[in-house]
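The structure appears below as structure tokens.
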There are 2 protein chains.
Amino acid sequence: MDFPDRRVLQVAISSQVWVHEMTDNKVELKKGLRDVYIDKSESSFIDGKAGKLLYRGYNIDDLAEQSSFEETGYLVIHGSLPTSEELSVFDADLKVSRAIPEGVLEIIRQTKNAHPMDVLRTAVSALAAFDPDTGDDSVEATIRKGVRITAQAPTVVAAHARIREGKDVVAPDRDLSHAGNFLYMLFGERPDPEDVDLIDRDFVLHAEHGLNASAFTARVAASTRADLHAAITAGVAALKGPIHGGAAEGVMKMAAEIGSEDNVESYVKDLRRNGKPVMGFGHPVYKAIDPRSVHLREGARLLSERKGRPQWFAVLEALIKVMEPYARKGVHPNVDFWSGAVYSLLEIPDDLFISIFAIGRIPGWTSQVLEQYAANYLIRPRLLYIGPMDAKYVPIEQRA
Amino acid sequence: MDFPDRRVLQVAISSQVWVHEMTDNKVELKKGLRDVYIDKSESSFIDGKAGKLLYRGYNIDDLAEQSSFEETGYLVIHGSLPTSEELSVFDADLKVSRAIPEGVLEIIRQTKNAHPMDVLRTAVSALAAFDPDTGDDSVEATIRKGVRITAQAPTVVAAHARIREGKDVVAPDRDLSHAGNFLYMLFGERPDPEDVDLIDRDFVLHAEHGLNASAFTARVAASTRADLHAAITAGVAALKGPIHGGAAEGVMKMAAEIGSEDNVESYVKDLRRNGKPVMGFGHPVYKAIDPRSVHLREGARLLSERKGRPQWFAVLEALIKVMEPYARKGVHPNVDFWSGAVYSLLEIPDDLFISIFAIGRIPGWTSQVLEQYAANYLIRPRLLYIGPMDAKYVPIEQRA
């Protein structure tokens with residue numbers, strides 16, 4: 001790491017330790033890399049000002065309303081919408097890949113008391129040990145692995161949720177869709193078709209989202225030519241961070257604290273007064289509405305009625321109304337707002353919410369890793385050293 | 001993701017699909033982020049032109065010749081050289097943390113046929129499930145976790161190496177140093193003190209190295225406030241990539257192919273003629289000699305004699321001599337050159353070499369994650385979308 005653009009001022013701090021300081025502004029720190037473009041991509045297009053999201057050119061509004069997770073997963077991984085025949089092959093591949101090896105079930109048992117994201121990360125990492133394509137990093141093999149991990153992730157999450165509660169693991173059912181089978185493996189009962197539609201739509205809404213921190217983590221790992229299991233393990237690792245994946249959990253906790261529509265206004269005022277964020281609002285990229293945030297609203301309303309809890313929907317609606325003045329400042333409901341509501345109304349445990357996000361995102365990570373492989377550069381930025389220079393090593397017996 | 005600086009030319013490709021093209025150069029792609037400084041750091045200083053490396057201000061030459069891995073690990077994690085008392089506390093913490101939970105041993109058994117880096121990644125991820133500090137991401141807890149992972153990683157690598165060969169796992173021995181205990185757990189015999197010195201020195205040489213791809217992966221994961229186990233799992237995932245961690249394995253394969261000093265010149269000529277790299281030479285950062293590459297040379301010579309294989313050393317020396325003309329172009333032996341030789345002469349299986357690199361690097365990853373936490377920005381760069389715009393969604397039954 002040479003520093004061609006800087007002058008270094010060396011300052012004696014003591015006889016032993018030297019510090020250098022930056023004396024010009026030519027070294028610009030790009031903390032967060034916010035405006036730095038690292039590569040081209042065809043996976044998704046996000047226009048934060050317009051509140052627009054495309055997967056592979058297709059508007060999220062169309063995909064959420066008309067597509068399925070299986071079709072959208074094919075689109076994100078392969079780059080085009082499938083024909084009926086292509087979709088049925090893809091769906092069949094997903095279905096035969098759902099079961100996880102006994103060795104991975106044993107790993108879930110051994111780690112059952114951990115956070116579900118720790119278990120998912122460990123299980124995805126371990127699946128490399130059982131995947132027939134491990135060692136083959138061709139495009140074709142990477143796609144096969146991506147399809148397999150997409151199929152296996154819901155099984156991992158559902159198996160862990162049951163094992164930690166002392167319940168039997170439910171084997172996947174090939175008669176059910178990806179979303180339907182997930183709910184079936186989680187609850188052990190044939191799922192309500194309307195619940196399935198909501199989770200399917202939720203998976204579609206999470207399938208890909210540009211260069212967020214988890215996708216970037218996966219790409220950096222892939223830039224060393226690490227394989228897809230390594231890259232997705234790294235992506236899951238990053239997604240665990242509360243700054244990235246954590247808001248859905250907070251939404252219904254907040255709704256429960258509010259309790260009734262009448263309390264919304266004072267609750268929000270209290271939060272603002274204490275400088276605290278309102279969960280499920282605002283997004284680092286979207287300054288207009290998060291286009292993913294609207295497609296679960298009507299479903300959440302119907303679900304809250306079916307579940308006999310219409311007051312929850314009423315509280316959330318009142319919250320949106322109270323938050324309207326902040327829309328001018330770019331604070332809108334985000335994807336976590338209604339996702340969190342739907343998960344809660346379906347009685348999915350809070351600590352599984354991020355794992356459900358991860359299940360949906362696997363096609364996007366796969367697509368971006370393939371892009372990274374296709375035009376690879378090792379991603380290796382720099383750090384500006386500001387510590388002591390040329391400190392004198394004193395053997396331990398002579399140290400103060 | 002808004003694009004304030006660009007003009008978009010929309011071109012009709014068909015009635016359904018639009019492509020936009022970049023029509024100005026204002027969006028600059030920073031592939032690889034090669035010259036982008038993302039933050040300040042006090043962990044290490046690298047001057048690639050001078051061939052200089054400092055950990056926390058201390059020259060690698062002093063540390064390699066006079067320090068130990070325990071002392072250097074303390075330095076890298078805590079930022080200053082320890083007093084005798086601080087070192088003995090740190091060493092005691094490492095020693096009591098070496099044993100790994102039975103659950104993690106079981107996970108290693110379940111994944112025993114995988115690549116050692118897949119097993120290490122899975123085991124580090126799983127250790128989160130057993131760590132008493134999981135859930136506490138304070139500086140103090142993160143340091144405790146870093147010390148524990150540093151202590152546990154050699155046990156994971158050695159246990160896996162024995163389990164896959166059908167041998168009993170060797171429990172750690174508190175009478176031995178970090179390096180000595182690793183060799184003991186790996187081979188099941190009290191290690192030769194000269195072998196221990198070489199591995200200790202090798203660990204010192206790998207303890208920290210700026211913002212390489214694995215450290216960067218760990219930092220990106222940490223930038224979401226993911227915990228240390230998540231971040232180091234992501235770092236291990238990236239280190240598996242052959243572009244990053246893979247050269248040591250190749251050095252002795254190459255030496256074995258060469259066979260004798262007399263063949264070195266023609267072997268190198270053949271490689272150059274075919275445009276192939278000479279393993280263990282060249283580095284993306286060092287254009288002068290890699291300062292880590294000199295400290296194992298004399299030890300490798302003595303080791304090759306002790307092991308009755310002096311011809312290996314002779315071949316490697318001849319290789320350096322034949323490569324001398326390339327030094328003007330910045331191609332010098334790198335750290336992998338003599339590390340690979342030492343591991344091979346110690347009869348460590350080839351596929352463990354990257355894991356040994358990882359064992360050494362854990363203090364560096366820990367230090368950089370602590371730096372990331374201390375002045376955190378979510379690391380979220382951008383991708384330039386070049387795919388189709390506003391493609392029309394056609395229901396599947398109407399698709400061609």
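Just remember, in the structure tokens the first chain shown is A, the second B, etc., residues are 1-based per chain, and ligands are 1-based in the order shown.
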
Can you pull out every residue from range 107-266 of chain A that DSSP, working from the backbone, puts in helix (DSSP H, G or I), and format the result as a PyMOL selection string?
chain A and resi 107-110+116-127+139-163+178-187+193-206+213-222+228-239+242-245+247-258+261-266

Keeping only C-alpha atoms, take the residues you just selected and write them out as a CSV table (one decimal), in the first residue's frame.
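Ended up saving to part_8.csv:
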```csv
chain,number,residue,atom,x,y,z
A,107,ILE,CA,-25.8,-29.5,13.2
A,108,ILE,CA,-29.1,-27.6,13.8
A,109,ARG,CA,-29.7,-29.8,16.8
A,110,GLN,CA,-26.2,-29.0,18.2
A,116,PRO,CA,-31.9,-18.4,14.1
A,117,MET,CA,-29.5,-16.3,11.9
A,118,ASP,CA,-26.5,-18.0,13.6
A,119,VAL,CA,-28.1,-21.4,12.8
A,120,LEU,CA,-28.9,-20.5,9.2
A,121,ARG,CA,-25.3,-19.1,8.7
A,122,THR,CA,-23.8,-22.3,10.2
A,123,ALA,CA,-26.2,-24.6,8.2
A,124,VAL,CA,-25.6,-22.8,4.9
A,125,SER,CA,-21.8,-23.1,5.5
A,126,ALA,CA,-22.2,-26.8,6.4
A,127,LEU,CA,-24.3,-27.5,3.3
A,139,VAL,CA,-21.6,-20.9,-14.0
A,140,GLU,CA,-23.7,-24.0,-14.4
A,141,ALA,CA,-22.6,-25.5,-11.1
A,142,THR,CA,-23.0,-22.2,-9.3
A,143,ILE,CA,-26.6,-21.8,-10.6
A,144,ARG,CA,-27.3,-25.4,-9.4
A,145,LYS,CA,-25.9,-24.5,-6.0
A,146,GLY,CA,-27.9,-21.3,-5.9
A,147,VAL,CA,-31.1,-23.2,-6.6
A,148,ARG,CA,-30.3,-25.8,-4.0
A,149,ILE,CA,-29.5,-23.2,-1.3
A,150,THR,CA,-32.8,-21.4,-2.2
A,151,ALA,CA,-34.6,-24.7,-1.7
A,152,GLN,CA,-32.8,-25.7,1.5
A,153,ALA,CA,-32.9,-22.4,3.4
A,154,PRO,CA,-36.6,-22.6,4.3
A,155,THR,CA,-36.1,-26.2,5.5
A,156,VAL,CA,-33.2,-25.1,7.8
A,157,VAL,CA,-35.2,-22.2,9.3
A,158,ALA,CA,-38.3,-24.3,9.8
A,159,ALA,CA,-36.4,-27.3,11.2
A,160,HIS,CA,-34.6,-25.1,13.7
A,161,ALA,CA,-37.8,-23.4,14.8
A,162,ARG,CA,-39.3,-26.8,15.6
A,163,ILE,CA,-36.3,-28.5,17.1
A,178,HIS,CA,-42.0,-22.8,-2.0
A,179,ALA,CA,-44.0,-20.4,0.3
A,180,GLY,CA,-46.7,-23.0,1.2
A,181,ASN,CA,-44.1,-25.6,2.0
A,182,PHE,CA,-42.2,-23.2,4.3
A,183,LEU,CA,-45.4,-22.5,6.3
A,184,TYR,CA,-46.2,-26.2,6.4
A,185,MET,CA,-42.7,-27.2,7.6
A,186,LEU,CA,-42.8,-24.4,10.2
A,187,PHE,CA,-46.3,-25.1,11.7
A,193,PRO,CA,-53.9,-20.4,0.8
A,194,GLU,CA,-54.3,-16.7,1.7
A,195,ASP,CA,-51.4,-17.0,4.2
A,196,VAL,CA,-49.3,-18.8,1.5
A,197,ASP,CA,-50.1,-15.9,-0.9
A,198,LEU,CA,-48.8,-13.4,1.6
A,199,ILE,CA,-45.5,-15.2,2.3
A,200,ASP,CA,-45.0,-15.9,-1.4
A,201,ARG,CA,-45.4,-12.2,-2.1
A,202,ASP,CA,-43.1,-11.4,0.8
A,203,PHE,CA,-40.4,-13.6,-0.7
A,204,VAL,CA,-40.8,-11.9,-4.1
A,205,LEU,CA,-40.4,-8.5,-2.4
A,206,HIS,CA,-37.1,-9.6,-0.8
A,213,ALA,CA,-24.4,-4.7,2.8
A,214,SER,CA,-25.1,-8.4,2.6
A,215,ALA,CA,-25.0,-8.6,-1.2
A,216,PHE,CA,-21.8,-6.6,-1.0
A,217,THR,CA,-20.3,-8.9,1.6
A,218,ALA,CA,-21.2,-11.9,-0.7
A,219,ARG,CA,-19.5,-10.1,-3.6
A,220,VAL,CA,-16.3,-9.3,-1.7
A,221,ALA,CA,-16.0,-12.9,-0.7
A,222,ALA,CA,-16.8,-14.0,-4.2
A,228,LEU,CA,-21.2,-19.8,-3.6
A,229,HIS,CA,-21.6,-21.4,-0.2
A,230,ALA,CA,-18.8,-19.3,1.1
A,231,ALA,CA,-20.2,-16.1,-0.4
A,232,ILE,CA,-23.8,-16.7,0.8
A,233,THR,CA,-22.5,-17.7,4.2
A,234,ALA,CA,-20.8,-14.3,4.3
A,235,GLY,CA,-24.0,-12.6,3.1
A,236,VAL,CA,-26.1,-14.2,5.9
A,237,ALA,CA,-23.4,-13.1,8.3
A,238,ALA,CA,-23.8,-9.5,7.3
A,239,LEU,CA,-27.6,-9.7,7.2
A,242,PRO,CA,-29.3,-4.9,13.3
A,243,ILE,CA,-28.5,-2.0,11.0
A,244,HIS,CA,-29.2,-4.2,8.0
A,245,GLY,CA,-31.8,-6.8,8.6
A,247,ALA,CA,-36.4,-3.6,11.5
A,248,ALA,CA,-39.3,-6.0,10.9
A,249,GLU,CA,-38.9,-7.4,14.4
A,250,GLY,CA,-39.4,-3.9,15.8
A,251,VAL,CA,-42.6,-3.0,14.0
A,252,MET,CA,-45.0,-5.3,15.9
A,253,LYS,CA,-43.2,-4.8,19.2
A,254,MET,CA,-43.9,-1.1,18.6
A,255,ALA,CA,-47.5,-1.8,17.7
A,256,ALA,CA,-48.0,-3.9,20.8
A,257,GLU,CA,-46.6,-1.1,22.9
A,258,ILE,CA,-48.9,1.4,21.3
A,261,GLU,CA,-55.2,3.8,17.6
A,262,ASP,CA,-55.8,6.6,20.2
A,263,ASN,CA,-52.2,6.3,21.6
A,264,VAL,CA,-50.4,6.5,18.2
A,265,GLU,CA,-50.0,10.3,18.1
A,266,SER,CA,-48.5,10.6,21.6
```

Skip range 44-58 of chain A itself and residues of its chain fewer than 2 positions away, then list as a ChimeraX atom specification all residues within 9 Å of it, counting only C-alpha atoms.
/A:41-42,60-63,72,75-76,79-80,207-210,284-292,330,364 /B:1-3,17-19,383-393

Pull C-alpha atoms from the residues just selected and write them as a compact mmCIF listing (two decimals), in the first residue's frame.
```txt
# COMPACT_ATOMS: atom_id res chain seq x y z
CA SER A 41 -24.99 -4.91 -12.78
CA GLU A 42 -28.05 -6.26 -14.49
CA ILE A 60 -41.52 -4.94 -8.49
CA ASP A 61 -45.19 -3.86 -8.65
CA ASP A 62 -45.87 -6.29 -11.48
CA LEU A 63 -43.86 -9.07 -9.90
CA THR A 72 -39.22 -14.36 -9.72
CA LEU A 75 -35.95 -14.34 -13.32
CA VAL A 76 -33.38 -13.06 -10.83
CA GLY A 79 -32.05 -13.03 -16.13
CA SER A 80 -35.31 -13.54 -18.01
CA ALA A 207 -35.56 -11.51 -3.77
CA GLU A 208 -32.99 -8.88 -4.79
CA HIS A 209 -32.09 -5.34 -3.80
CA GLY A 210 -28.91 -4.01 -5.33
CA PRO A 284 -31.03 4.60 3.33
CA VAL A 285 -31.84 4.51 -0.40
CA TYR A 286 -35.53 5.32 -0.79
CA LYS A 287 -36.43 8.97 -0.28
CA ALA A 288 -39.80 8.38 -1.94
CA ILE A 289 -41.97 5.48 -0.84
CA ASP A 290 -40.27 2.08 -0.69
CA PRO A 291 -42.14 0.40 -3.57
CA ARG A 292 -42.02 -2.89 -1.69
CA GLY A 330 -38.28 11.36 2.77
CA GLY A 364 -30.36 -12.07 -5.46
CA MET B 1 -30.03 4.65 -5.76
CA ASP B 2 -30.48 7.80 -7.77
CA PHE B 3 -28.10 8.74 -10.56
CA VAL B 17 -37.62 -4.31 -23.51
CA TRP B 18 -35.71 -1.09 -23.13
CA VAL B 19 -32.02 -0.71 -22.58
CA LEU B 383 -23.72 -0.80 -8.75
CA LEU B 384 -24.34 0.85 -12.09
CA TYR B 385 -27.43 -0.72 -13.58
CA ILE B 386 -27.01 -1.55 -17.25
CA GLY B 387 -29.89 -3.98 -17.75
CA PRO B 388 -33.22 -3.47 -19.46
CA MET B 389 -35.55 -0.72 -18.21
CA ASP B 390 -39.26 -1.06 -17.61
CA ALA B 391 -39.69 -4.44 -19.25
CA LYS B 392 -43.34 -5.29 -19.67
CA TYR B 393 -44.50 -8.19 -17.50
```

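Each of B:Glu85, B:Asp270, B:Asp91, B:Glu347 was compared to chain A using only C-alpha atoms, and B:Glu85 turns out to be the nearest.
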
Need the shell around Glu86 in chain A: protein/DNA/RNA residues with any atom at most 10 Å away, counting only C-alpha atoms. Skip same-chain ones fewer than 5 positions apart. Format as a ChimeraX atom specification?
/A:71,74,81,91-92

Just list as an MDAnalysis selection string whatever in range 292-386 of chain B DSSP marks as strand (DSSP E).
chainID B and resid 382:385

Output all heavy atoms for every residue in that selection, as a compact mmCIF listing (two decimals), in the first residue's frame.
```txt
# COMPACT_ATOMS: atom_id res chain seq x y z
N ARG B 382 -22.28 1.24 -4.55
CA ARG B 382 -23.31 1.17 -5.57
C ARG B 382 -22.91 0.32 -6.76
O ARG B 382 -21.72 0.12 -7.02
CB ARG B 382 -23.63 2.58 -6.07
CG ARG B 382 -24.25 3.42 -4.98
CD ARG B 382 -24.57 4.79 -5.48
NE ARG B 382 -25.32 5.50 -4.46
CZ ARG B 382 -26.00 6.61 -4.68
NH1 ARG B 382 -26.04 7.14 -5.88
NH2 ARG B 382 -26.65 7.19 -3.71
N LEU B 383 -23.91 -0.12 -7.48
CA LEU B 383 -23.72 -0.80 -8.75
C LEU B 383 -24.39 0.04 -9.82
O LEU B 383 -25.45 0.61 -9.60
CB LEU B 383 -24.38 -2.18 -8.72
CG LEU B 383 -23.68 -3.24 -7.86
CD1 LEU B 383 -24.61 -4.45 -7.68
CD2 LEU B 383 -22.37 -3.67 -8.49
N LEU B 384 -23.76 0.11 -10.98
CA LEU B 384 -24.34 0.85 -12.09
C LEU B 384 -25.21 -0.09 -12.90
O LEU B 384 -24.71 -1.04 -13.51
CB LEU B 384 -23.21 1.41 -12.96
CG LEU B 384 -23.68 2.23 -14.15
CD1 LEU B 384 -24.35 3.51 -13.68
CD2 LEU B 384 -22.50 2.55 -15.04
N TYR B 385 -26.50 0.17 -12.90
CA TYR B 385 -27.43 -0.72 -13.58
C TYR B 385 -27.33 -0.54 -15.09
O TYR B 385 -27.43 0.58 -15.59
CB TYR B 385 -28.85 -0.46 -13.12
CG TYR B 385 -29.86 -1.40 -13.76
CD1 TYR B 385 -29.90 -2.75 -13.41
CD2 TYR B 385 -30.76 -0.94 -14.72
CE1 TYR B 385 -30.80 -3.61 -13.99
CE2 TYR B 385 -31.68 -1.81 -15.31
CZ TYR B 385 -31.69 -3.14 -14.94
OH TYR B 385 -32.57 -4.00 -15.53
```

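CA of Phe357 in chain B to CA of Lys30 in chain B spans 28.6 Å [interatomic distance, one decimal].
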
Between B:Ser68, B:Ser304, B:Thr111, B:Gln372, which has the minimum distance to chain A (counting only C-alpha atoms)?
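For chain A, the nearest of the given residues is B:Thr111.
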